[in-house]
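Structure, as structure tokens:
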Amino acid sequence: MVLSVENLSKSFGKTQVFSNISFSVNKGEIVCIRGKSGEGKTTLLRCITGLEIPDKGSIKINNMYLCKEKNNLIQYAQKEELQSIRQEIGLVFQAFNLFPHMNVMENLMEAAVFLKNDSVENIRTRAIKLLKRLDLEGKENSYPYQLSGGQKQRVAIARACMLNPSILCFDEPTSALDEQTRNQISKIIRDLSSQGMAIIIVTHDNGFVDEIAQRIITMKDRKITFE
Ligand SMILES: Nc1ncnc2c1ncn2[C@@H]1O[C@H](COP(=O)(O)OP(=O)(O)OP(=O)(O)O)[C@@H](O)[C@H]1O
Ligand SMILES: [Mg+2]
């Protein structure tokens, strides 16, 4: 099991987004999360990637606690452990969030260089390999505004893969993509999963769910159900 979420609750002020939800994800598994707009899908992804603090419950990644509840308070892992746990889980945002002032190569290298997780030369070599794999050779020096939607999406995936996470989360990966690019993204996701990466995809795209999901979670009225 690479991800285990237990009794997780989150509210914003008086709005309870979800309450007491539990699920787990295995190595290499592709799980899709569906639900109407505003049911809390993005908030859930933000909690499991450490960007949002839940009110209650625990999140365990590769058997290490990202956070857990103690005496009614949420406690996060200590600094160094927290950094290594967070590297195990990547997120491709709904709007890609590429750094607009950095070219493709700089976007890919930024986090790994900042975290000093390898020599700059090795980090660059990894970036070149990923760009090749995602059919982005020759785009190293382009800036996000010079890329198509599908290319930006692939750069965002390459960037999220740079730290070699055990889990990769996607928020609406196929919105705004034409069918050919969507098929390309679908193939990339299946390749990553077959190499052992666990994948969590939030999507409204039912065709995509039918095509790719090994398990489906639906969020509704603050709860989740499994299909
Ligand atoms: N930072 C925030 N502050 C206050 N309320 C928030 C915040 N982020 C989200 N919410 C509220 O939490 C609820 C869930 O939002 P969320 O973005 O998780 O929904 P979603 O399921 O991803 O929707 P969509 O399908 O439209 O992307 C909404 O009611 C939203 O208004
Ligand atoms: Mg959302």
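If you're wondering about the labels, chains in the structure tokens are A, B, ... by order shown, residues count from 1 in each chain, ligands from 1 in order shown.
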Nearby residues (only C-alpha atoms) at most 9 Å from A:Thr203, same-chain spacing under 3 positions excluded, as a PDB file with C-alpha atoms, in the first residue's frame:
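Output (result.pdb):
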```
ATOM      1  CA  CYS A  32     -10.173   7.811 -10.476  1.00  0.00           C
ATOM      2  CA  ILE A  33     -12.038  10.251  -8.229  1.00  0.00           C
ATOM      3  CA  ARG A  34     -15.318  11.638  -9.524  1.00  0.00           C
ATOM      4  CA  GLY A  35     -17.857  14.021  -8.121  1.00  0.00           C
ATOM      5  CA  LYS A  41     -11.948  16.671  -5.089  1.00  0.00           C
ATOM      6  CA  PHE A 170      -3.718  14.538 -11.555  1.00  0.00           C
ATOM      7  CA  ASP A 171      -6.406  17.183 -11.224  1.00  0.00           C
ATOM      8  CA  GLU A 172      -8.533  17.183 -14.407  1.00  0.00           C
ATOM      9  CA  PRO A 173      -5.754  16.043 -16.756  1.00  0.00           C
ATOM     10  CA  THR A 174      -7.897  15.926 -19.892  1.00  0.00           C
ATOM     11  CA  SER A 175      -9.924  19.112 -19.682  1.00  0.00           C
ATOM     12  CA  ASN A 206     -16.431   9.731 -17.928  1.00  0.00           C
ATOM     13  CA  PHE A 208     -11.502   8.748 -19.640  1.00  0.00           C
ATOM     14  CA  VAL A 209     -12.616   7.005 -16.443  1.00  0.00           C
TER      15      VAL A 209
END
```
Exercise. So which residues are near ligand 1, meaning at most 10 Å away with only C-alpha atoms and all ligand atoms counted, given back as a PyMOL selection string?
Worked result: chain A and resi 10-18+33-47+52+94+171-172+202-204+219-220+222
Problem set entry | Shortest interatomic distance to ligand 2 - which of A:Ile61, A:Leu82, A:Ile123, A:Val92, counting only C-alpha atoms and all ligand atoms |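 Once distances to ligand 2 are computed over only C-alpha atoms and all ligand atoms, the minimum belongs to A:Val92.
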For this session: as number ranges by chain, list the residues of stretch 9-149 of chain A assigned to helix (DSSP H, G or I) by DSSP on the backbone atoms of this structure.
Result: A: 41-48, 79-87, 104-114, 120-133, 144-146, 149
For this session: For stretch 182-199 of chain A, work out the shell of residues within 7 Å, counting only C-alpha atoms and skipping chain neighbours fewer than 5 positions away, then give it as a list of chain:residue names.
Result: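 After dropping sequence-adjacent residues, the list is A:Asn26, A:Lys27, A:Gly28, A:Glu29, A:Ile30, A:Val31, A:Ser166, A:Ile167, A:Leu168, A:Cys169, A:Thr174, A:Leu177.
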Exercise. Between atom CA of A:Leu51 and atom CA of A:Gly149, what is the spacing in Å?
Worked result: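 These two atoms are separated by 24.6 Å.
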For this session: Can you list, as a list in words, all residues belonging to stretch 33-178 of chain A that DSSP tags as strand (DSSP E or B)?
Result: Ile33, Arg34, Lys56, Gly57, Ser58, Ile59, Lys60, Ile61, Met64, Tyr65, Leu66, Cys67, Lys68, Glu69, Lys70, Leu73, Ile74, Gln75, Tyr76, Ile89, Gly90, Leu91, Val92, Ile167, Leu168, Cys169, Phe170 and Asp171 of chain A
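Nearest to ligand 2 of all the residues A:Gly50, A:Ala160, A:Glu106, A:Ala95 is A:Ala95, based on only C-alpha atoms and all ligand atoms.
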